Each structure stands twice: as C-alpha cells, then as structure tokens.
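Visitor: Have a look at this one before I ask anything.
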Amino acid sequence: MVNLKIDGKSVAVPEGSTILEAARQAGVNIPTLCYLKDVNEISACRVCCVEVAGSEKLVPSCSTPAVEGMEVFTHTTRVLQARVTNVSLILSQHNSTCTACTRSGNCALQSLASDITYTPAYEVSPRKMDWDTHYPLIRDNSRCINCMRCVSVCEKIQTMRVWDVSGTGARTHVGVREGLDLMDTNCTLCGQCITHCPVGALYSRDDAVKLVRRLGNRHDKVFICQVAPAVRTAWGEDLGLSPEQATVGRMAAALRAIGFDYVFDTDFSADLTIMEEGSEFLERLSHKEDYPWPMFTSCCPGWLRFIKTEFPELVPNLSTAKSPQQMFGATAKSYFAEKIGRDPEDIVCVSFMPCTAKKYECAVEAVNDAATRDVDMVLTTRELAKMLRNFRINVAELPEEDFDDPLGESTGAGVIFGTTGGVMEAALRSAYYLATGSNPDPDAFHAVRGMEGIKAATFDIEGTKVRTAVANGLGNARKLVEAIKAGKAEYDFVEIMACPTGCSGGGGQPIRDGQELGERRGSILRRLDVEKPIRFSHDNPSIQKLYSEYLEKPLSHRAHKLLHTDVSQWSLK
Amino acid sequence: MSRLVIQTPGRAEQTVEGLYHDLERRIAVAPSGNCPVELTGAFLRLCLAQSCGKCVPCRVGLAKMSEIIDKILDGRGTEDDLDTLYYSAQSISDSADCAIGHEAARIISDGFAAFKDDYLSHIHNGRCISSFAAVPCVTNCPANVDIPGYISLVRAGRYADAVRLIREDNPFPSVCGLICEHPCESHCRRNIVDTSVNIRGLKRAAIENAGVVPPPACRPDTGKRVCVIGGGPTGLTCAYFLRLMGHKVTVYERRKRFGGMLRYGIPRYRLPAAYLDADIDAILATGVEAHTGVDVGKDISFEQIMEDFDGVYIAIGAHSYKMPGIPGEDAEGVLSAVELLRAMGDDEPMDLKGKHVCVIGGGNVAMDACRTVLRLGAASVRCVYRRRREDMTALEEEIAGATEEGVELVTLSAPVRVNTDEKGRVSGLVVQPQMPGDYSRGRPAPKKADAPEQELKCDIIIAAIGQAIDFGNLREAGVPEKMGKLQTERTGEVAGKNGVYAGGDCASGPATVIKAIQAGKIAAANLDEFFGYHTVVDQDIEIPTADFRFKTACGRCNMTERPPLERVKDFELVENNMSAEEASQECSRCLRCDHFGYGGFRGGRIRW
C-alpha cells in the first residue's frame, strides 16, 4: 500500500494507483474530461491537474502514480486557475451552441464549464463540421475537443482503428483514418465511439424528426413498432425513471401514447430467430461435411460488417437467419399484413434499438423480402427517450399495458438476446428440444452467461458434444476468430456481439460519462427471463401459430424467402 | 558634443538574442513527422518578422505566400494556389534585394520540390501525410532501441535488465555503448531544455555495471535453417534474432575471427576486444553454428548454400578499399587504412616505429588510421585533406582526439603524386594547395589555389578515402549489383532470389554499426515472416514508472578521456566510464517521452 495525503486527508491506496484513484477513494472530487479508465489515460485535457508538494509544475492526476509520502492539493489557486484556463481554451475551439446539441444536459464539458468561474477570454473559433449527415454515424468536428477517446476506444476495445489523429500543432484533429470517407472504411457502425464521447462530437443520425412528421401525416397508414430486448433495460435512464418505474408495461403504454397503432416486441421475433437459427444449426450438424465450421450467429449487424471487411472468407460460416429486427419486419409485412387485410406497403414499421448499426441494416437492399422496406425506420434508445420528452408524456404516471398480439408475445429465451451469451443460451434451449423432443432445465446452459470477453463451454445434447464460444466486443471477437482460423480452438457454434457486454451496452443506448452500464442492464434481462412463464422459444404460442398458419415449419420454403438472407449480397455502403 | 558612443545591447535585444538561441535548439530537435507544410508556414512568418520592409517581393510577397500556406492548411486551398505559391517563390527569390527575402523564398522553392505530395494531400484530403513520432530518440535510432526504457532501468540500478532490454532490438550493447554514433541524441527533446541526454554514455554505464548477462532462451526449434554469410555486426545481429525465434543458424566468416569491421576496422583504443567479445559470446551462446576461416565461393559454393538452407543472409561488408589514383601510389610504403586496421584485428601490427606518416582523408577511418599509427610508434603523423577541417566527415570528437594526441592536420591540400627514393620507396607526398569554392551537396567544393605544389616528406602514405565491396563470386551466382553495392528491396530481400536477403555495408555502402544492426534485425524479422511465422522476441521487462517531478535545466555529463600524452602510448581504451554519480544525474535528465506527450497516447514502446 502507498500512503499519501490529499487536501490534508490521509489515504492508503494499492501500489500503482494514480493520484486520481487515490482522490476518489479519499472522497476528493477531481474533475476529468479526456480520461477514460484503462482506455484513454493520456492526460491531454489537463483539467485534472493538481499540485504536488515538491514538484515545480502541476501534474495530471489521471496518469501520475501515487507515491509514498506524497502531498497533493486539488484546489489551490494555481490548480483552479489552470483549470479555468484550460477549460476556456477548450471552449474557444468548441461549438457551444448547446441548445442544438444531442448531448445538452448530458455533456462532460458543459457540466465542467458550468462548475467553474468562466469568463470568455478567447475568441471562439470552432473547426468546421465536414460530414455527410445521412450516414448512421455522424462526426461534428466543430464540437470535438480532441480528447482522443474515440480513437482509443475504436483501436483498443474494438480493434478497428477507424479514427485517427491527423495534422500537428494547432491543426491537430481527429478524423477518419487516412482522411477516408467513413463509409469507405471498415467501420462497423457499432457506435462505441458515440457512447464514449464526452461531448456531442459523435452521434447517431436522428430519425425521430422524420417519425414525428409521419405520425402527424398518417395518410391512412398503419403504424407499428417493435422494441429490442436491451431497450427495455435503459429506456427510462434519460427520463429520470428508476429501474422500478421503467417497466416493460409502461414502455408499451408510452409507445401507444406516441401514436403507434400496434406496439409489438422484438422478443417475439427473437423467438422466431431461435426457431430458424436453431433448426439451421441442427440441419448443418446432420450434414456436417457440407458446411464450414463453426457456425456464427448473424443477429448483430456490427458483427456482420466486421466479418465482411475483416474476414470475408468466413462469411459462409454465418447463419443465414436474419436478425430479429429484420425477421420482425418481414413477418409484419407479410403474415400480419394479411391478418389485418392491409397492403404491406401501407404499414409503417419502426424499430427501437440499442444500436446504431441497425439503422444501416434496415436500409440494406438485399435484406428486404416482404416489402420495399421491411423495417422503415430505426430509432435508438436515446431517440426514444427524447421523443417521449418531446411528446411531454408523463411516463411515470402511465398505467402498464401489454404488447399487442400476435407479434407481441415472447419468452424468456427471446428477452436474453440483448446480453452477451443470451442468443447462444436461447438457441441451445431450443436445439435441445428439437434434438431430443423434451425441454432441458432452462438454466442448463448457464455456463455461457457472464461478462468475460470470451467464454467457451461444451454441452452434451443426446450424446452429441456441442462446443460453443461466445464473444462480446470486437477486440474479443477478433481474438476468437483468429484463434479459430489458426486452428488453436475448435467450436461448432459461436455467438458474437459487437458491443462490449452485448446489446445492453450498445452504441444506441443512453450515455453516462465514464460509466459502463451494460452489465447492470444485462442483469435486468436475466431477471426478466426468470420471471417469464415460458422460457423456451419453441413454446411461444404465437410462434407456434405463425408456423401452423403461415410458415409451415422452420426452414420451409416460405421461411427461407422471408426470414433468411445471404450476407455476401449485402452492400456495406 | 560626441560623435560616437559604445553600443550596448538593451534588454529587449539581449532577450531576442536568447530567443534565437532557444529557437535554434528547438529547430534542431523538430520532431520527426511534423507536418512540413505547417513548418514551412511558421518559418515563413519568422522570415517575415526579419524583413526590413523596404522592397516589394519580401515585404508583400512573403506575407502573401504565408496566407496561401494558411489557406492550404485550413483545407481551403486549390492546385491553382499551389501554382501561385510556386511562381511567387521563384520571382521573390529572383527579384528580392537582399538575402532576407531571396533566401526565405528559396526555402519555399526547395520545400516545394521536396514535399509537394504533402501540399497536395492538404489540398485534396484536408490532412498531411506525415504522422507524429512519439519518442524522438527511439524513432531516430535505426534499431529502435527502447532508450527511455533502459535509461530508467539504469536509474533504478537494474543494469542487467537494461542490457536485456537493449538486446531486444540490438545484440551489441557493449559495442554501441562505446562507439555508436548515437543519432538518437540529435533529436532528443532535452535539447529544447538544455542539451541532449548523454544516451550512449548511459548505455555504457549499463554494460559496465551489468556483469555477464546471458541471452534469453530460444523459442522451440522451427526446423528452418538459415545461412549467414559474414560474421560482422549485421550478420551476427540477424543470426541472434533468428536463433531467438527458434530457427537454426550457421554463420560463415572468411577471417580468423568474428566481428567484421568492429574487429578489423575499429581500433582497440575505441573498442577493446573484451567488449566486442562480450557481445559476440552472448550472441553465439544462443546456439549459432559458427565457422571462421570459411570463404564462401571458395570453400563452399553459393549454390551449395542455396541448396542446404531455407534462407540466406548475405552480410559480407565492405572490406575492399579505394586508392586515390595518383602517380606513384604503387610505390613501397603506400597502403590503405583498411590493410593497416585489418592487421591490427589479427594482432599482427605493422612496424611503424620512427616512421614519418601521411594519412590521406578526412573521415573517421582517417582519424582511426592516424591515431593507430601514432600508437605504433610513428615519429610524425600528418592528416592530409583537400578541404577545410569543418568539412571533414569525421566526428568532431575524433578530430579533436587525434590532434590532442599529436596528429597534424594538413588541410586544403590535394595529393598530386607520390615521390620515391632510388629504391622505389616512398619519400614524400606532393600536394597542391586548395581554397574553398562554391557549395556543392551541402559543403564547399575545394578548388586549386594559385600557389605552388608542396612536398610533404614521409616514409609511409596511408589512404583512407573510402571502402569498397568485394563481391567474390556473388555476381556469378546471380545476386544483382548496382553502383558497387548489392541490390536489395527495402525489406532486405534480394530481388528474384526467394529467401535470400542482404544487408549491412555490402548493401548500403560503408555506414555505421547501428545501421548494420538495423539491417540484420530487418532481415531476421522478414526471414521469420518468409518462413510463415510472426515471432516476437520481447521479454516483457517491466519499465519503472516515470518520475512526475518537473525537470529544470541541468548540465550534461560528457564522457571524459584519459590524458592525450598518456593514452597515445598504448591501445587501452581512451574514454573513461561515467561515475555512478554522473550516470544517476544523467538518467534523471531524461524527459521520458515514452510516458509524457504523444508517447502517453500512442504508446512509448515499439514491438516488432
């Protein structure tokens, strides 16, 4: 242990701790801006500088190790003055039209600036924004503060190196690697750079305005929506709701209040995905030599983009099953359209997703099989919360309501799709049934749960060993794929989610600066699974009805037409 | 009334004088990877501040060029702007009235030719093509040795770890501790504060205190076999790293001993045999199969080697020499520095007692020859050079060392012919006095002065005017050659010969030991890739954390030397080691660019 004094308080911290960590332990609040623990400890913004007895200059607390006997002072005149100067300098290059910024009220710089006695001493000259705002992911360099977090997250966590620093001196700025256009790079659109940006320099395209406009000019269309599993874990965060208040029933009620004619659930189509993907897996297992191994899950569009650019030779390993979002759209605009006696083109299908890449996925030409667009519009969890605020709906007071039938009924297996290991677990539950004719213990496959980056487990299904692996975060995905390619590991079935912790930590989720909430949100999904009366996708009565009335059976001709896709035909633009 | 007063500089003038000195130091260490367009713009504004403002081209022209560069840097520039810049620079350089204007414009013109691609990148992509080098010393070391890392280990007293860390990139820590030309020091960021850290001195401090450090264990045997032709620094470096990666290596050395030019070119008073042997012993201890006295081409054919091995590294050095080509140079008593120093390497020194010697040349080898000849008991040594002392390519400390020991510099004297006595032995060197003329390739070319020839009486003439490469029968074996050098790709690969690499002096022409080490390292890495591996030889040595305390200006501890009149009597090491006290202070001067600045963002370590 290292003993030191911070603002007169004695504190003992483990060897290797920084002054910042020691201060937090001692209850001393030092502000930070560029700092992101373990990912971006580059001491660039200099707002965390403190005074240390015996050092002539101020030192950055985020990267300076605590030393035995050190005496630290965090609010001397020198410290405060340097902080004011550095924040003012950052603001002099920052587009501070906060009212027009997606991060207003949730911005590390805004909150820092409001805490200091700031007098604008410098002429303000932000850099120019230079970006195609039709892209799902948008960078506004007029708001960028060069903290380099996006560069570090993309490089270290996701191993994609999409962002890079260019220029030197005053013209140093962050942009797409080698000055490329974003859509010409290997960007997976995972959105982790967005959720780790301390300000509003990175955001996903706002499609809420378009939705509000269409809801106001309905043209006799039927408005339906689907809500992804992970959205229910976080939709209340930006509305000031406690997890107890932010129930699934209240969320359904809120969506109805916005003006949707039918409020459906992506959990339903997650169950459908399991039926198709699980059957496909068993089909491949029974003709092992006809297929490349392992089979990869295909519900995460960030992962699909990753495999297409980084390991295109492995595209045939992907399951052909569409993601739950796209299965939902295809079912809604065929089966459901028939049921309500409407032309598929008269249905407006909106999804609420924890994801930025889903905005790309719904626009891929090759994925649409039931109508011009199976899913018309994708909004993130953040956009959902913003819309509810815009509509001035007092969500906390809303009575709880159910999802609509028939695309609203789901099982515990569908709900865990939003957390790492969930797709695998749900698939194994049904694969077991499909192979043996009886249900396993729903918790039999708990070995694939947990937040480790890469998990592997082998299960015995009626004498057949099924070797599985699960990875979350693209850095982990890359490691796993490389090990498979090098022959160092062999699996039958592999689940990948591009975002760390899975969709619950997705790039479209609410942002809390410096906090990683994916694990906590994931535990809500695990709870919902246990609370569900039905925990097997194949036991979902609405799914059974869909097959008996319309699709016939998994992998049927019609199922193939509507619910499967050839990812090799997907354009990346 | 008085007509004249003594001019004393005012406070402002004194401060500006100081600023110029600071600026000089800053420019000298300009980080690699700075945007050249940005620097040109900044330089132009400085030039503009020096303009008196009388003439149009300088007063207005420099300002307008500065505006155009700003426009380009802001991403608003066009190719038309580039044309305007180009023609303006030409006209301003042509028509300015004094050096302030025409030299400023010339800098733009020169830059235009050198980095037009950077300008175009700014115009078309809104960015520069360069990327900032995080740790200047590491970037400027050809072998990319982890300098801040080993300095911090020396500071912590972990000398053996320091040697291990150096060996991750360079298996010749002892040799480089004594004779490396230390390009690392030239861009040391400490120059901005005062003077560069004495990096080479600290490397020597590490090896002097580390004792014998065994090499790390080799990776499991891969079954691949490599033949290294030539046991000099580049060949042995390649052999060392390939062994650590698990490949089998055989080295064939033509001479009696290993070390190449380190043994047969560098005098013992700069590099004692014990130091060289320490490095070679550690390299061979990795299990290199080592053969001396094997002349490839005679004792074993190149074709045989191609057949027997999976990979080949040609590292034959540059052991031949050039002669001045003057009448009488085949007389008895005329020899080359290469011959003189080679004999020293085999411990068969020439007898030069009481002789009067002239050494021709102004490079490091000339100084080595002069100082060796003095130690062999010559009565007098003159170093004859056709340019000025400041034009000599030898390091200043070598020239100073030589003159302190009694070498007489005869500059601005071009050898014309060798005079001989009746027995055909050298009796004198006739030289033609020269004077400096116009600049050519960065230094003034000498030209014949209107003065009579002079004869320098002497018994021995030693030519130290350059080395050449002895190809043996490699040419017949189909290894391509160009301008007297082996031709290779930038990867070290010999074009058209799968698995054959070449490097060091034979491919680059005579160069420094650290460049030879770099070439060996590159060849090892690329042979490893060629075999289908990607072996990393890191040992994961824990680097002490950087001290957060601010560093104030503090004098550099230079290496001291034994007194000239004492050291000239023997071949013992001239240079003294740093004291523990000096080394400790010198270590504390390191600014730890691996931790602070860009190093803290992009990482301060290079893995290869």
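The way I read the labels, and the way they are meant: chains A, B, ... in the order of the structure tokens, residue 1 as the first residue of every chain, and ligand 1 as the first ligand shown, with later ones counted on from there.
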I'd like a table as CSV: residues in chain A with an atom no more than 10 Å from chain B, each row giving the shortest atom pair and its distance in Å to one decimal, only C-alpha atoms counted, sorted by chain and rising residue number.

Guide:
```
residue,atom,partner,partner_atom,distance
A:Gly16,CA,B:Thr545,CA,9.0
A:Asn40,CA,B:Phe601,CA,7.5
A:Glu41,CA,B:Phe601,CA,7.5
A:Ile42,CA,B:Phe601,CA,5.0
A:Ser43,CA,B:Gly600,CA,7.7
A:Ala44,CA,B:Gly597,CA,8.2
A:Val52,CA,B:Arg549,CA,8.9
A:Ala53,CA,B:Arg549,CA,9.8
A:Gly54,CA,B:Arg549,CA,7.6
A:Ser55,CA,B:Arg549,CA,5.0
A:Glu56,CA,B:Phe550,CA,5.8
A:Lys57,CA,B:Phe550,CA,6.0
A:Leu58,CA,B:Phe550,CA,8.6
A:Val59,CA,B:Phe548,CA,6.9
A:Pro60,CA,B:Phe548,CA,9.0
A:Ser63,CA,B:Gly600,CA,8.9
A:Thr64,CA,B:Phe548,CA,6.5
A:Pro65,CA,B:Thr545,CA,7.9
A:Ala66,CA,B:Phe548,CA,9.9
A:Val67,CA,B:Asp547,CA,9.8
A:Arg127,CA,B:Asp74,CA,9.5
A:Lys128,CA,B:Asp74,CA,9.9
A:Met148,CA,B:Phe601,CA,8.4
A:Val151,CA,B:Phe601,CA,9.9
A:Ser152,CA,B:Phe601,CA,8.5
A:Val165,CA,B:Ser131,CA,8.4
A:Ser166,CA,B:Arg127,CA,6.3
A:Gly167,CA,B:Cys128,CA,5.7
A:Thr168,CA,B:Asn34,CA,6.0
A:Gly169,CA,B:Glu38,CA,8.1
A:Ala170,CA,B:Glu38,CA,9.4
A:Arg171,CA,B:Leu73,CA,7.9
A:Thr172,CA,B:Arg127,CA,9.3
A:His173,CA,B:Arg127,CA,9.3
A:Gly175,CA,B:Arg127,CA,9.4
A:Glu178,CA,B:Ile129,CA,8.0
A:Gly179,CA,B:Asn125,CA,5.9
A:Leu180,CA,B:Asn125,CA,8.1
A:Asp181,CA,B:Asn125,CA,9.9
```

Visitor: Would you list the contacts of Gln454 in chain B as a PDB file with N, CA and C atoms, in the first residue's frame, taking every protein, DNA or RNA residue within 7 Å and counting only C-alpha atoms, but skipping same-chain residues closer than 5 positions in sequence?

Guide:
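Heads up, here's the output in out-v2.pdb:
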```
ATOM      1  N   VAL B 430      53.382  14.770 -52.631  1.00  0.00           N
ATOM      2  CA  VAL B 430      53.283  16.116 -53.193  1.00  0.00           C
ATOM      3  C   VAL B 430      51.822  16.538 -53.186  1.00  0.00           C
ATOM      4  N   VAL B 431      51.563  17.724 -52.649  1.00  0.00           N
ATOM      5  CA  VAL B 431      50.184  18.190 -52.590  1.00  0.00           C
ATOM      6  C   VAL B 431      50.034  19.536 -53.281  1.00  0.00           C
ATOM      7  N   GLN B 432      48.837  19.782 -53.794  1.00  0.00           N
ATOM      8  CA  GLN B 432      48.520  21.054 -54.431  1.00  0.00           C
ATOM      9  C   GLN B 432      47.617  21.838 -53.474  1.00  0.00           C
TER      10      GLN B 432
END
```

Visitor: What's the 9 Å shell around Val367 in chain A, counting only C-alpha atoms, without same-chain residues fewer than 4 positions away, as a PyMOL selection string?

Guide: chain A and resi 322+326+361-363+373-374+564-567+569-570

Visitor: Any chance you could export the current selection's C-alpha atoms as a PDB file, in the first residue's frame?

Guide:
```pdb
ATOM      1  CA  LYS A 322     -31.923 -12.734 -40.391  1.00  0.00           C
ATOM      2  CA  GLN A 326     -35.476  -7.980 -39.869  1.00  0.00           C
ATOM      3  CA  GLU A 361     -29.155  -2.885 -41.524  1.00  0.00           C
ATOM      4  CA  CYS A 362     -32.746  -1.867 -42.281  1.00  0.00           C
ATOM      5  CA  ALA A 363     -31.569   0.052 -45.347  1.00  0.00           C
ATOM      6  CA  ARG A 373     -38.635  -1.785 -46.742  1.00  0.00           C
ATOM      7  CA  ASP A 374     -39.409  -4.473 -44.172  1.00  0.00           C
ATOM      8  CA  HIS A 564     -33.129 -15.815 -44.302  1.00  0.00           C
ATOM      9  CA  THR A 565     -30.602 -13.695 -46.126  1.00  0.00           C
ATOM     10  CA  ASP A 566     -27.334 -14.028 -47.993  1.00  0.00           C
ATOM     11  CA  VAL A 567     -24.969 -11.678 -46.205  1.00  0.00           C
ATOM     12  CA  GLN A 569     -25.001  -9.842 -51.069  1.00  0.00           C
ATOM     13  CA  TRP A 570     -25.147  -7.037 -48.521  1.00  0.00           C
TER      14      TRP A 570
END
```

Visitor: To one decimal place in Å, what is the distance between CA of Lys485 in chain A and CA of Met295 in chain A?

Guide: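 Rounded to one decimal, the two atoms are 13.1 Å apart.
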
Visitor: Which one of B:Cys188, B:Val359, B:Val145, B:Cys506 sits closest to Gln467 in chain B if you count only C-alpha atoms?

Guide: B:Cys506

Visitor: For the structure I just gave you, how does DSSP split range 377-459 of chain A - specifically, which residues are strand (DSSP E)? Reply as a PyMOL selection string.

Guide: chain A and resi 377-380+454-459

Visitor: Save out the residues we just selected, C-alpha atoms, as a PDB file, in the first residue's frame.

Guide:
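For reference, out-v9.pdb as written:
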```pdb
ATOM      1  CA  MET A 377     -37.092   3.322 -39.619  1.00  0.00           C
ATOM      2  CA  VAL A 378     -34.764   2.582 -36.719  1.00  0.00           C
ATOM      3  CA  LEU A 379     -34.555   4.794 -33.651  1.00  0.00           C
ATOM      4  CA  THR A 380     -32.112   4.334 -30.814  1.00  0.00           C
ATOM      5  CA  ILE A 454     -14.591 -14.660 -24.474  1.00  0.00           C
ATOM      6  CA  LYS A 455     -16.396 -17.647 -22.975  1.00  0.00           C
ATOM      7  CA  ALA A 456     -16.311 -21.252 -24.134  1.00  0.00           C
ATOM      8  CA  ALA A 457     -18.404 -24.191 -22.986  1.00  0.00           C
ATOM      9  CA  THR A 458     -19.182 -27.661 -24.268  1.00  0.00           C
ATOM     10  CA  PHE A 459     -22.627 -29.185 -23.839  1.00  0.00           C
TER      11      PHE A 459
END
```

Visitor: Extract the full set of alpha helix (DSSP H) residues from range 218-413 of chain A according to DSSP on the backbone, and format it as a ChimeraX atom specification.

Guide: /A:248-258,266-286,301-310,324-331,337-340,357-361,381-390,412-413

Visitor: Can you pull out every residue within 8 Å of His538 in chain A, counting only C-alpha atoms, but drop anything in the same chain fewer than 2 positions away, and send it as an NGL selection string?

Guide: :A and (271 or 275 or 430 or 536 or 540 or 543-544)

Visitor: Report as a PDB file with C-alpha atoms, in the first residue's frame all protein, DNA and RNA residues lying within 12 Å of His134 in chain A, evaluated on only C-alpha atoms, omitting residues in the same chain fewer than 4 positions from it.

Guide:
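File written: part13.pdb
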```
ATOM      1  CA  ILE A 138     -22.057  11.398 -37.574  1.00  0.00           C
ATOM      2  CA  ARG A 139     -18.962  13.274 -36.529  1.00  0.00           C
ATOM      3  CA  LEU A 182     -16.330   6.786 -43.232  1.00  0.00           C
ATOM      4  CA  MET A 183     -18.372   4.519 -45.471  1.00  0.00           C
ATOM      5  CA  TYR A 203     -23.839  10.965 -32.527  1.00  0.00           C
ATOM      6  CA  SER A 204     -26.143   8.708 -34.457  1.00  0.00           C
ATOM      7  CA  ARG A 205     -28.372  10.131 -37.164  1.00  0.00           C
ATOM      8  CA  ASP A 206     -31.561  11.460 -35.563  1.00  0.00           C
ATOM      9  CA  ASP A 207     -34.532   9.833 -37.305  1.00  0.00           C
ATOM     10  CA  LYS A 359     -30.004   1.994 -38.920  1.00  0.00           C
ATOM     11  CA  TYR A 360     -27.710   0.631 -41.598  1.00  0.00           C
ATOM     12  CA  ALA A 363     -31.569   0.052 -45.347  1.00  0.00           C
ATOM     13  CA  LYS A 573     -22.363   1.463 -48.116  1.00  0.00           C
TER      14      LYS A 573
END
```

Visitor: For CA of Ala559 in chain A and CA of Met327 in chain A, quote the distance in Å rounded to one decimal.

Guide: 9.7 Å
